[in-house]
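Visitor: As input, take query-v1.pdb (PDB, C-alpha atoms and all ligand atoms):
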MODEL        1
ATOM      1  CA  MET A   1    -161.058 -82.903  71.517
ATOM      2  CA  LYS A   2    -157.645 -84.539  71.111
ATOM      3  CA  GLY A   3    -158.499 -86.342  67.867
ATOM      4  CA  ASN A   4    -160.991 -88.508  65.977
ATOM      5  CA  VAL A   5    -160.489 -92.238  66.258
ATOM      6  CA  LEU A   6    -162.308 -95.051  64.480
ATOM      7  CA  VAL A   7    -162.135 -98.476  66.166
ATOM      8  CA  VAL A   8    -163.112-101.624  64.235
ATOM      9  CA  ASP A   9    -163.579-105.005  65.877
ATOM     10  CA  ASP A  10    -166.163-107.774  65.610
ATOM     11  CA  GLU A  11    -166.449-107.965  69.404
ATOM     12  CA  GLN A  12    -168.752-105.439  70.996
ATOM     13  CA  ILE A  13    -166.941-105.710  74.334
ATOM     14  CA  VAL A  14    -163.632-104.635  72.740
ATOM     15  CA  LEU A  15    -165.318-101.661  71.061
ATOM     16  CA  ARG A  16    -166.991-100.560  74.283
ATOM     17  CA  SER A  17    -163.710-100.838  76.218
ATOM     18  CA  CYS A  18    -161.781 -98.801  73.637
ATOM     19  CA  GLU A  19    -164.527 -96.195  73.511
ATOM     20  CA  ARG A  20    -164.653 -95.871  77.276
ATOM     21  CA  ILE A  21    -160.877 -95.650  77.729
ATOM     22  CA  LEU A  22    -160.197 -93.254  74.852
ATOM     23  CA  SER A  23    -163.240 -91.014  75.453
ATOM     24  CA  ALA A  24    -162.071 -90.536  79.035
ATOM     25  CA  GLU A  25    -158.741 -89.321  77.614
ATOM     26  CA  GLY A  26    -160.450 -86.711  75.435
ATOM     27  CA  TYR A  27    -160.681 -88.503  72.054
ATOM     28  CA  TYR A  28    -163.804 -88.600  69.931
ATOM     29  CA  VAL A  29    -164.363 -92.296  69.228
ATOM     30  CA  GLU A  30    -166.557 -93.989  66.633
ATOM     31  CA  THR A  31    -166.813 -97.744  66.465
ATOM     32  CA  SER A  32    -167.751-100.341  63.891
ATOM     33  CA  LEU A  33    -168.465-104.040  64.264
ATOM     34  CA  SER A  34    -167.535-104.745  60.647
ATOM     35  CA  ALA A  35    -164.901-103.725  58.133
ATOM     36  CA  ARG A  36    -167.568-103.072  55.480
ATOM     37  CA  ASN A  37    -169.408-100.611  57.670
ATOM     38  CA  ALA A  38    -166.080 -98.995  58.593
ATOM     39  CA  LEU A  39    -165.278 -98.450  54.906
ATOM     40  CA  GLU A  40    -168.546 -96.493  54.623
ATOM     41  CA  LEU A  41    -167.666 -94.432  57.703
ATOM     42  CA  LEU A  42    -164.248 -93.699  56.239
ATOM     43  CA  LYS A  43    -165.882 -92.385  53.047
ATOM     44  CA  GLU A  44    -167.982 -89.930  55.013
ATOM     45  CA  ASN A  45    -165.693 -88.827  57.835
ATOM     46  CA  VAL A  46    -162.131 -87.780  58.480
ATOM     47  CA  TYR A  47    -160.258 -89.622  61.238
ATOM     48  CA  ASP A  48    -156.849 -89.030  62.755
ATOM     49  CA  LEU A  49    -156.455 -92.705  63.515
ATOM     50  CA  LEU A  50    -157.919 -96.088  62.623
ATOM     51  CA  ILE A  51    -157.544 -98.929  65.132
ATOM     52  CA  THR A  52    -158.592-102.293  63.751
ATOM     53  CA  ASP A  53    -158.637-105.941  64.662
ATOM     54  CA  ILE A  54    -157.003-108.158  62.049
ATOM     55  CA  LYS A  55    -159.150-111.236  62.592
ATOM     56  CA  MET A  56    -162.717-110.496  61.576
ATOM     57  CA  PRO A  57    -165.155-112.916  59.981
ATOM     58  CA  GLU A  58    -166.490-111.150  56.888
ATOM     59  CA  MET A  59    -163.299-109.344  55.861
ATOM     60  CA  GLY A  60    -159.874-109.866  57.430
ATOM     61  CA  GLY A  61    -158.198-106.801  58.887
ATOM     62  CA  LEU A  62    -155.298-106.910  56.440
ATOM     63  CA  ASP A  63    -157.663-106.916  53.413
ATOM     64  CA  PHE A  64    -159.556-104.139  55.116
ATOM     65  CA  ILE A  65    -156.392-102.031  55.536
ATOM     66  CA  ARG A  66    -155.523-102.632  51.870
ATOM     67  CA  GLN A  67    -158.908-101.206  50.866
ATOM     68  CA  VAL A  68    -158.517 -98.310  53.290
ATOM     69  CA  ARG A  69    -155.091 -97.481  51.847
ATOM     70  CA  ALA A  70    -156.521 -97.278  48.308
ATOM     71  CA  LYS A  71    -158.742 -94.371  49.392
ATOM     72  CA  ASN A  72    -156.898 -92.970  52.449
ATOM     73  CA  PRO A  73    -153.201 -93.513  51.748
ATOM     74  CA  ASP A  74    -152.083 -91.350  54.659
ATOM     75  CA  ILE A  75    -154.363 -92.364  57.534
ATOM     76  CA  ASN A  76    -152.506 -93.756  60.551
ATOM     77  CA  VAL A  77    -153.470 -97.342  61.318
ATOM     78  CA  ILE A  78    -152.899 -99.415  64.452
ATOM     79  CA  ILE A  79    -153.782-103.099  64.460
ATOM     80  CA  MET A  80    -154.991-105.148  67.423
ATOM     81  CA  THR A  81    -154.357-108.832  67.482
ATOM     82  CA  GLY A  82    -154.480-111.769  69.813
ATOM     83  CA  TYR A  83    -152.243-113.635  67.364
ATOM     84  CA  PRO A  84    -149.183-111.473  66.754
ATOM     85  CA  SER A  85    -147.393-113.790  64.307
ATOM     86  CA  GLN A  86    -144.258-112.514  62.580
ATOM     87  CA  GLU A  87    -145.962-113.041  59.238
ATOM     88  CA  ASN A  88    -149.018-110.945  60.145
ATOM     89  CA  ILE A  89    -146.892-108.163  61.566
ATOM     90  CA  ARG A  90    -144.607-108.186  58.523
ATOM     91  CA  GLU A  91    -147.563-107.977  56.166
ATOM     92  CA  ALA A  92    -149.208-105.274  58.261
ATOM     93  CA  LEU A  93    -145.949-103.341  58.271
ATOM     94  CA  SER A  94    -145.865-103.425  54.474
ATOM     95  CA  LEU A  95    -149.305-101.766  54.672
ATOM     96  CA  ARG A  96    -147.640 -99.026  56.733
ATOM     97  CA  ILE A  97    -149.297 -99.595  60.085
ATOM     98  CA  VAL A  98    -147.798 -97.382  62.781
ATOM     99  CA  ASP A  99    -148.197 -99.773  65.707
ATOM    100  CA  TYR A 100    -149.771-103.010  66.893
ATOM    101  CA  LEU A 101    -151.517-103.768  70.153
ATOM    102  CA  PRO A 102    -151.557-107.269  71.571
ATOM    103  CA  LYS A 103    -154.873-108.526  72.949
ATOM    104  CA  PRO A 104    -156.069-108.525  75.654
ATOM    105  CA  LEU A 105    -155.660-104.780  75.507
ATOM    106  CA  SER A 106    -153.937-102.947  78.300
ATOM    107  CA  PRO A 107    -155.553 -99.512  78.835
ATOM    108  CA  VAL A 108    -152.232 -97.763  79.369
ATOM    109  CA  VAL A 109    -150.762 -99.226  76.169
ATOM    110  CA  LEU A 110    -153.910 -98.325  74.199
ATOM    111  CA  VAL A 111    -153.786 -94.720  75.409
ATOM    112  CA  GLU A 112    -150.051 -94.374  74.837
ATOM    113  CA  ALA A 113    -150.227 -95.830  71.287
ATOM    114  CA  THR A 114    -153.241 -93.646  70.425
ATOM    115  CA  LYS A 115    -151.576 -90.500  71.719
ATOM    116  CA  LYS A 116    -148.416 -91.205  69.762
ATOM    117  CA  ALA A 117    -150.263 -91.938  66.503
ATOM    118  CA  VAL A 118    -152.620 -88.947  66.767
ATOM    119  CA  ASP A 119    -149.735 -86.606  67.643
ATOM    120  CA  ILE A 120    -147.855 -87.829  64.596
ATOM    121  CA  SER A 121    -150.913 -87.346  62.412
ATOM    122  CA  LYS A 122    -151.382 -83.773  63.618
ATOM    123  CA  LYS A 123    -147.699 -82.955  63.299
ATOM    124  CA  HIS A 124    -147.675 -84.162  59.690
ATOM    125  CA  ALA A 125    -150.839 -82.182  58.943
ATOM    126  CA  ALA A 126    -149.318 -78.968  60.337
ATOM    127  CA  PRO A 127    -147.906 -76.456  57.870
ATOM    128  CA  ASP A 128    -144.301 -76.991  56.834
ATOM    129  CA  GLN A 129    -142.021 -75.770  59.583
ATOM    130  CA  GLU A 130    -138.292 -75.765  59.651
ATOM    131  CA  ASP A 131    -137.004 -77.562  62.726
ATOM    132  CA  GLU A 132    -134.490 -75.611  64.753
ATOM    133  CA  ASP A 133    -132.150 -78.605  65.011
ATOM    134  CA  TYR A 134    -132.284 -79.247  61.288
ATOM    135  CA  THR A 135    -129.549 -76.952  60.099
ATOM    136  CA  LYS A 136    -128.153 -76.549  56.587
ATOM    137  CA  GLU A 137    -125.100 -78.540  57.721
ATOM    138  CA  ALA A 138    -127.304 -81.400  58.924
ATOM    139  CA  ALA A 139    -129.221 -81.344  55.620
ATOM    140  CA  ALA A 140    -125.936 -81.522  53.680
ATOM    141  CA  LYS A 141    -124.769 -84.503  55.775
ATOM    142  CA  LEU A 142    -128.089 -86.196  55.167
ATOM    143  CA  ASP A 143    -127.668 -85.676  51.407
ATOM    144  CA  ASP A 144    -124.318 -87.498  51.609
ATOM    145  CA  ILE A 145    -125.908 -90.377  53.539
ATOM    146  CA  ILE A 146    -128.715 -90.671  51.008
ATOM    147  CA  VAL A 147    -126.281 -90.692  48.083
ATOM    148  CA  ASP A 148    -124.332 -93.528  49.773
ATOM    149  CA  TYR A 149    -127.426 -95.700  50.131
ATOM    150  CA  ARG A 150    -129.518 -94.714  47.118
ATOM    151  CA  GLY A 151    -130.474 -97.680  44.934
ATOM    152  CA  ARG A 152    -129.437-100.253  47.561
ATOM    153  CA  PRO A 153    -132.205-102.619  48.688
ATOM    154  CA  GLY A 154    -133.306-102.205  52.303
ATOM    155  CA  SER A 155    -131.695 -98.777  52.535
ATOM    156  CA  LEU A 156    -134.475 -96.977  54.420
ATOM    157  CA  ILE A 157    -133.716 -98.235  57.944
ATOM    158  CA  PRO A 158    -129.939 -97.570  57.821
ATOM    159  CA  VAL A 159    -130.564 -94.114  56.331
ATOM    160  CA  LEU A 160    -133.018 -93.356  59.138
ATOM    161  CA  GLN A 161    -130.535 -94.603  61.748
ATOM    162  CA  GLU A 162    -127.784 -92.383  60.373
ATOM    163  CA  ALA A 163    -130.145 -89.423  60.001
ATOM    164  CA  GLN A 164    -131.204 -89.801  63.631
ATOM    165  CA  GLY A 165    -127.510 -89.879  64.565
ATOM    166  CA  VAL A 166    -126.964 -86.564  62.731
ATOM    167  CA  VAL A 167    -130.109 -84.645  63.724
ATOM    168  CA  GLY A 168    -130.877 -86.415  67.025
ATOM    169  CA  TYR A 169    -134.432 -87.260  65.991
ATOM    170  CA  LEU A 170    -136.601 -87.555  62.895
ATOM    171  CA  PRO A 171    -139.069 -84.673  62.531
ATOM    172  CA  PRO A 172    -141.365 -84.533  59.463
ATOM    173  CA  VAL A 173    -138.993 -82.214  57.581
ATOM    174  CA  VAL A 174    -136.243 -84.867  57.811
ATOM    175  CA  GLN A 175    -138.641 -87.651  56.825
ATOM    176  CA  ARG A 176    -139.701 -85.699  53.733
ATOM    177  CA  HIS A 177    -136.058 -85.074  52.828
ATOM    178  CA  ILE A 178    -135.329 -88.819  53.045
ATOM    179  CA  ALA A 179    -138.452 -89.737  51.060
ATOM    180  CA  ARG A 180    -137.448 -87.359  48.256
ATOM    181  CA  GLY A 181    -133.859 -88.568  48.325
ATOM    182  CA  LEU A 182    -134.713 -92.266  48.198
ATOM    183  CA  ASN A 183    -137.596 -91.680  45.798
ATOM    184  CA  ILE A 184    -140.170 -93.328  48.049
ATOM    185  CA  SER A 185    -143.391 -92.043  49.570
ATOM    186  CA  VAL A 186    -143.390 -89.946  52.732
ATOM    187  CA  SER A 187    -145.958 -92.313  54.212
ATOM    188  CA  GLU A 188    -143.567 -95.253  53.781
ATOM    189  CA  VAL A 189    -140.868 -93.382  55.698
ATOM    190  CA  HIS A 190    -143.377 -92.242  58.276
ATOM    191  CA  GLY A 191    -144.704 -95.811  58.746
ATOM    192  CA  VAL A 192    -141.219 -97.161  59.534
ATOM    193  CA  VAL A 193    -140.356 -94.268  61.876
ATOM    194  CA  SER A 194    -143.626 -94.721  63.761
ATOM    195  CA  PHE A 195    -143.385 -98.479  64.037
ATOM    196  CA  TYR A 196    -139.881 -98.959  65.435
ATOM    197  CA  SER A 197    -139.419 -97.680  68.954
ATOM    198  CA  PHE A 198    -135.730 -96.851  68.432
ATOM    199  CA  PHE A 199    -136.740 -94.065  66.063
ATOM    200  CA  THR A 200    -138.110 -90.894  67.571
ATOM    201  CA  MET A 201    -139.858 -87.899  66.034
ATOM    202  CA  LYS A 202    -139.175 -85.766  69.067
ATOM    203  CA  PRO A 203    -135.869 -84.679  70.586
ATOM    204  CA  ARG A 204    -134.752 -86.819  73.516
ATOM    205  CA  GLY A 205    -133.469 -85.482  76.799
ATOM    206  CA  LYS A 206    -129.913 -85.984  78.075
ATOM    207  CA  HIS A 207    -131.315 -88.931  80.054
ATOM    208  CA  ASN A 208    -133.900 -90.817  78.038
ATOM    209  CA  ILE A 209    -136.085 -92.944  80.316
ATOM    210  CA  ARG A 210    -137.833 -95.936  78.776
ATOM    211  CA  ILE A 211    -140.475 -97.658  80.836
ATOM    212  CA  CYS A 212    -141.587-101.114  79.754
ATOM    213  CA  LEU A 213    -145.336-101.684  79.468
ATOM    214  CA  GLY A 214    -145.084-105.276  78.197
ATOM    215  CA  THR A 215    -147.209-107.909  79.908
ATOM    216  CA  ALA A 216    -144.598-109.123  82.424
ATOM    217  CA  CYS A 217    -143.878-105.555  83.552
ATOM    218  CA  TYR A 218    -147.499-104.461  83.413
ATOM    219  CA  VAL A 219    -148.632-107.141  85.863
ATOM    220  CA  LYS A 220    -145.831-106.038  88.197
ATOM    221  CA  ARG A 221    -147.184-102.489  88.549
ATOM    222  CA  ALA A 222    -145.462-100.767  85.609
ATOM    223  CA  GLU A 223    -148.487 -98.502  85.332
ATOM    224  CA  GLU A 224    -147.784 -97.112  88.821
ATOM    225  CA  ILE A 225    -144.191 -96.430  87.797
ATOM    226  CA  VAL A 226    -145.424 -94.516  84.731
ATOM    227  CA  GLU A 227    -147.667 -92.353  86.897
ATOM    228  CA  LYS A 228    -144.847 -91.717  89.348
ATOM    229  CA  LEU A 229    -142.395 -90.810  86.548
ATOM    230  CA  LYS A 230    -144.931 -88.392  85.058
ATOM    231  CA  GLU A 231    -145.445 -86.831  88.467
ATOM    232  CA  VAL A 232    -141.730 -86.530  89.280
ATOM    233  CA  LEU A 233    -140.674 -85.246  85.847
ATOM    234  CA  LYS A 234    -143.865 -83.246  85.208
ATOM    235  CA  ILE A 235    -144.031 -84.494  81.618
ATOM    236  CA  ASP A 236    -146.118 -87.011  79.741
ATOM    237  CA  ILE A 237    -144.866 -90.034  77.829
ATOM    238  CA  GLY A 238    -143.274 -88.794  74.595
ATOM    239  CA  GLU A 239    -142.201 -85.469  76.098
ATOM    240  CA  VAL A 240    -138.967 -83.899  77.243
ATOM    241  CA  THR A 241    -138.458 -81.724  80.334
ATOM    242  CA  PRO A 242    -138.042 -77.974  79.639
ATOM    243  CA  ASP A 243    -134.359 -78.146  80.716
ATOM    244  CA  LYS A 244    -133.878 -81.050  78.234
ATOM    245  CA  GLU A 245    -132.448 -83.237  81.020
ATOM    246  CA  PHE A 246    -135.047 -86.028  80.830
ATOM    247  CA  SER A 247    -137.373 -87.526  78.243
ATOM    248  CA  LEU A 248    -139.895 -90.274  78.800
ATOM    249  CA  GLU A 249    -140.834 -93.095  76.439
ATOM    250  CA  SER A 250    -142.720 -96.357  76.775
ATOM    251  CA  VAL A 251    -141.833 -99.638  75.112
ATOM    252  CA  ARG A 252    -143.586-103.010  74.919
ATOM    253  CA  CYS A 253    -140.795-105.351  75.989
ATOM    254  CA  LEU A 254    -137.139-104.747  76.699
ATOM    255  CA  GLY A 255    -136.247-108.426  76.584
ATOM    256  CA  ALA A 256    -135.557-108.516  80.315
ATOM    257  CA  CYS A 257    -138.900-109.887  81.535
ATOM    258  CA  GLY A 258    -137.204-111.783  84.396
ATOM    259  CA  LEU A 259    -136.302-108.380  85.882
ATOM    260  CA  ALA A 260    -139.829-106.967  85.615
ATOM    261  CA  PRO A 261    -140.785-104.231  86.107
ATOM    262  CA  VAL A 262    -137.983-102.696  84.052
ATOM    263  CA  VAL A 263    -136.914 -99.115  83.402
ATOM    264  CA  VAL A 264    -133.967 -98.211  81.173
ATOM    265  CA  VAL A 265    -132.264 -94.847  81.638
ATOM    266  CA  GLY A 266    -129.929 -94.138  78.744
ATOM    267  CA  GLU A 267    -127.974 -97.398  78.457
ATOM    268  CA  ASN A 268    -128.580 -98.517  82.062
ATOM    269  CA  THR A 269    -131.167-101.177  82.829
ATOM    270  CA  HIS A 270    -132.904-101.019  86.208
ATOM    271  CA  GLY A 271    -134.940-104.092  87.164
ATOM    272  CA  SER A 272    -137.416-105.010  89.895
ATOM    273  CA  ILE A 273    -138.291-101.343  90.391
ATOM    274  CA  ASP A 274    -140.408-100.552  93.399
ATOM    275  CA  PRO A 275    -142.935 -97.942  92.210
ATOM    276  CA  VAL A 276    -142.585 -96.107  95.522
ATOM    277  CA  LYS A 277    -138.843 -95.641  94.879
ATOM    278  CA  THR A 278    -139.220 -94.299  91.328
ATOM    279  CA  GLY A 279    -138.302 -90.774  92.469
ATOM    280  CA  GLU A 280    -135.019 -92.046  93.937
ATOM    281  CA  LEU A 281    -134.165 -93.661  90.614
ATOM    282  CA  VAL A 282    -134.656 -90.356  88.791
ATOM    283  CA  ASP A 283    -132.615 -88.524  91.450
ATOM    284  CA  GLN A 284    -129.587 -90.702  90.612
ATOM    285  CA  TYR A 285    -129.440 -88.952  87.245
ATOM    286  CA  ARG A 286    -130.038 -85.371  88.326
TER     287      ARG A 286
HETATM  288  S1  LIG B   1    -142.321-107.221  79.413
HETATM  289 FE1  LIG B   1    -141.011-105.779  80.312
HETATM  290  S2  LIG B   1    -139.041-106.540  79.799
HETATM  291 FE2  LIG B   1    -140.381-107.909  78.816
ENDMDL
END
What does the file become when written as structure tokens?

Guide:
Amino acid sequence: MKGNVLVVDDEQIVLRSCERILSAEGYYVETSLSARNALELLKENVYDLLITDIKMPEMGGLDFIRQVRAKNPDINVIIMTGYPSQENIREALSLRIVDYLPKPLSPVVLVEATKKAVDISKKHAAPDQEDEDYTKEAAAKLDDIIVDYRGRPGSLIPVLQEAQGVVGYLPPVVQRHIARGLNISVSEVHGVVSFYSFFTMKPRGKHNIRICLGTACYVKRAEEIVEKLKEVLKIDIGEVTPDKEFSLESVRCLGACGLAPVVVVGENTHGSIDPVKTGELVDQYR
């Protein structure tokens, strides 16, 4: 079993879809039609991930997450919403959600977001491990960065950006270092790293390939491109090839919808990709 997931939504059809899609991927899925019932389930069971709607009649999703946080401060939470207003997302972000899924749900986006969140949860739960790229020199540089920003409002994101520049990525050991240095909780750091796609917890390859799974790209066969990239590179989304030449990530919109479907390799944007020619695109970078 890849992980335990609790899905909360007041629409049975959404619950059944999530259950079907995630069970087929190897997750154990429990569902709840109400936030109140979900709070009971959360008292009795341990989950790697909570996926919840934010518009529910008896208790809104944001109030629900607040109550969840009081008892389960570290559980990873993804919200689903058909109304992704800036205000809702901002508030949800302050509750340390790790991702949000626009409705109607796309199966590939649901699976990718679940995999990422569950992987993160398991990595954080693993015993403390030094990361081979996190040398004493890198730790010393990070100390200097933290000292520069300490006490300044809004310092977390720039510190993370600089830390990623030094180490190359942001494994849990680096996140804990930053949390200690800025005197904030590890879960706050972790929430920001998980939410923004420009931060990564895993090393990237020499050529980082980002495939867009936003709506405009999705309807133009982005899913076929994902499958082809996985087949050609022999890695999954979020992984890096053994020779560290390529890594594969998905994003929700690259702001180039007119060019859909879009793939970005390093700094180069490739639009109107024909799924059949995906292999040729990768070959350009070999
Ligand atoms: S949806 Fe793919 S670039 Fe916007």

Visitor: What's the 8 Å shell around segment 21-29 of chain A, counting all atoms listed in the file, without same-chain residues fewer than 5 positions away, as an MDAnalysis selection string?

Guide: chainID A and resid 1:7 107 111

Visitor: Just how far from atom CA of Ala138 of chain A is atom CA of Ala117 of chain A, in Å to one decimal?

Guide: 26.4 Å

Visitor: Might you spell out which residues the PyMOL selection byres (((not hetatm)) within 7 of (chain B and resi 1)) would select in the displayed file, as a list in words?

Guide: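 With the PyMOL selection byres (((not hetatm)) within 7 of (chain B and resi 1)) on this model, the match is Cys212, Leu213, Gly214, Thr215, Ala216, Cys217, Arg252, Cys253, Leu254, Gly255, Ala256, Cys257, Leu259, Ala260, Pro261 and Val262 of chain A.
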
Visitor: Any chance you could export the current selection's C-alpha atoms as a compact mmCIF listing (two decimals), keeping the file's coordinate frame?

Guide:
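Wrote it out as out.txt, contents follow:
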# COMPACT_ATOMS: atom_id res chain seq x y z
CA CYS A 212 -141.59 -101.11 79.75
CA LEU A 213 -145.34 -101.68 79.47
CA GLY A 214 -145.08 -105.28 78.20
CA THR A 215 -147.21 -107.91 79.91
CA ALA A 216 -144.60 -109.12 82.42
CA CYS A 217 -143.88 -105.56 83.55
CA ARG A 252 -143.59 -103.01 74.92
CA CYS A 253 -140.79 -105.35 75.99
CA LEU A 254 -137.14 -104.75 76.70
CA GLY A 255 -136.25 -108.43 76.58
CA ALA A 256 -135.56 -108.52 80.32
CA CYS A 257 -138.90 -109.89 81.54
CA LEU A 259 -136.30 -108.38 85.88
CA ALA A 260 -139.83 -106.97 85.62
CA PRO A 261 -140.78 -104.23 86.11
CA VAL A 262 -137.98 -102.70 84.05

Visitor: List the residues matched by the PyMOL selection byres (((chain A and resi 78-82) around 6) and not hetatm) in the displayed structure as JSON, numbers by chain, ordered by chain and then by residue number.

Guide: {"A": [51, 52, 53, 77, 83, 84, 97, 98, 99, 100, 101, 102, 103]}

Visitor: List as a list in words the protein and nucleic acid residues near segment 234-248 of chain A, meaning an atom at most 6 Å away when only C-alpha atoms are counted, but skip any in the same chain fewer than 4 places from it.

Guide: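 Final neighbour list, sorted by chain and number: Arg204, Gly205, Lys206, His207, Asn208, Ile209 and Lys230 of chain A.
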
Visitor: Counting all atoms listed in the file, find the residues whose atoms lie at most 9 Å from (-138.7, -92.3, 63.6) (file coordinates) and write them out as an MDAnalysis selection string.

Guide: chainID A and resid 160:161 164 169:171 175 189:202

Visitor: Per residue of segment 195-243 of chain A within 9 Å of segment 265-276 of chain A, note the shortest atom pair and the distance in Å to one decimal, counting all atoms listed in the file, and order the rows by chain and increasing residue number, as JSON lines.

Guide:
{"residue": "A:Lys206", "atom": "CA", "partner": "A:Gly266", "partner_atom": "CA", "distance": 8.2}
{"residue": "A:His207", "atom": "CA", "partner": "A:Gly266", "partner_atom": "CA", "distance": 5.5}
{"residue": "A:Asn208", "atom": "CA", "partner": "A:Gly266", "partner_atom": "CA", "distance": 5.2}
{"residue": "A:Ile209", "atom": "CA", "partner": "A:Val265", "partner_atom": "CA", "distance": 4.5}
{"residue": "A:Arg210", "atom": "CA", "partner": "A:Val265", "partner_atom": "CA", "distance": 6.4}
{"residue": "A:Ile211", "atom": "CA", "partner": "A:Val265", "partner_atom": "CA", "distance": 8.7}
{"residue": "A:Lys220", "atom": "CA", "partner": "A:Ser272", "partner_atom": "CA", "distance": 8.6}
{"residue": "A:Arg221", "atom": "CA", "partner": "A:Pro275", "partner_atom": "CA", "distance": 7.2}
{"residue": "A:Ala222", "atom": "CA", "partner": "A:Pro275", "partner_atom": "CA", "distance": 7.6}
{"residue": "A:Glu223", "atom": "CA", "partner": "A:Pro275", "partner_atom": "CA", "distance": 8.9}
{"residue": "A:Glu224", "atom": "CA", "partner": "A:Pro275", "partner_atom": "CA", "distance": 6.0}
{"residue": "A:Ile225", "atom": "CA", "partner": "A:Pro275", "partner_atom": "CA", "distance": 4.8}
{"residue": "A:Val226", "atom": "CA", "partner": "A:Pro275", "partner_atom": "CA", "distance": 8.6}
{"residue": "A:Lys228", "atom": "CA", "partner": "A:Pro275", "partner_atom": "CA", "distance": 7.1}

Visitor: List as a list of chain:residue names the protein and nucleic acid residues near segment 64-76 of chain A, meaning an atom at most 7 Å away when only C-alpha atoms are counted, but skip any in the same chain fewer than 5 places from it.

Guide: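 The neighbour list is A:Ala35, A:Leu39, A:Asp48, A:Leu49, A:Leu50, A:Met59, A:Leu95, A:Ile97, A:Val98, A:Ala117, A:Ser121, A:Ser187.
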
Visitor: On this file, the PyMOL selection byres (((chain A and resi 141-152) around 12) and not hetatm) gives some set of residues; write that set as a compact mmCIF listing (two decimals) with C-alpha atoms, in the coordinates of the input.

Guide:
# COMPACT_ATOMS: atom_id res chain seq x y z
CA TYR A 134 -132.28 -79.25 61.29
CA THR A 135 -129.55 -76.95 60.10
CA LYS A 136 -128.15 -76.55 56.59
CA GLU A 137 -125.10 -78.54 57.72
CA ALA A 138 -127.30 -81.40 58.92
CA ALA A 139 -129.22 -81.34 55.62
CA ALA A 140 -125.94 -81.52 53.68
CA PRO A 153 -132.21 -102.62 48.69
CA GLY A 154 -133.31 -102.20 52.30
CA SER A 155 -131.70 -98.78 52.54
CA LEU A 156 -134.48 -96.98 54.42
CA ILE A 157 -133.72 -98.24 57.94
CA PRO A 158 -129.94 -97.57 57.82
CA VAL A 159 -130.56 -94.11 56.33
CA LEU A 160 -133.02 -93.36 59.14
CA GLN A 161 -130.54 -94.60 61.75
CA GLU A 162 -127.78 -92.38 60.37
CA ALA A 163 -130.15 -89.42 60.00
CA GLN A 164 -131.20 -89.80 63.63
CA GLY A 165 -127.51 -89.88 64.56
CA VAL A 166 -126.96 -86.56 62.73
CA VAL A 167 -130.11 -84.64 63.72
CA LEU A 170 -136.60 -87.56 62.90
CA VAL A 173 -138.99 -82.21 57.58
CA VAL A 174 -136.24 -84.87 57.81
CA GLN A 175 -138.64 -87.65 56.82
CA ARG A 176 -139.70 -85.70 53.73
CA HIS A 177 -136.06 -85.07 52.83
CA ILE A 178 -135.33 -88.82 53.04
CA ALA A 179 -138.45 -89.74 51.06
CA ARG A 180 -137.45 -87.36 48.26
CA GLY A 181 -133.86 -88.57 48.32
CA LEU A 182 -134.71 -92.27 48.20
CA ASN A 183 -137.60 -91.68 45.80
CA ILE A 184 -140.17 -93.33 48.05

Visitor: Using only the atoms of segment 66-84 of chain A listed in the file, plus 8 Å on each side, state the axis-aligned box centre and edge lengths in Å rounded to one decimal, as lines of an AutoDock Vina configuration file.

Guide:
center_x = -154.0
center_y = -102.5
center_z = 59.1
size_x = 25.7
size_y = 38.3
size_z = 37.5

Visitor: Tell me, in Å to one decimal, how far atom CA of Asp133 of chain A is from atom CA of Val263 of chain A.

Guide: 28.0 Å

Visitor: Atom CA of Glu58 of chain A and atom CA of Glu30 of chain A are how many Å apart?

Guide: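 Atom CA of Glu30 of chain A lies 19.7 Å from atom CA of Glu58 of chain A.
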
Visitor: Hey, which of A:Ile54, A:Leu33, A:Leu110, A:Val264 ends up closest to Ile13 of chain A? Count only C-alpha atoms.

Guide: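 The shortest atom-to-atom distance to Ile13 of chain A comes from A:Leu33.
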
Visitor: Taking (-139.7, -84.4, 90.8) in the file's coordinates, which residues come within 9 Å, counting all atoms listed in the file, written as a list of chain:residue names?

Guide: A:Leu229, A:Lys230, A:Glu231, A:Val232, A:Leu233, A:Lys234, A:Gly279, A:Val282, A:Asp283
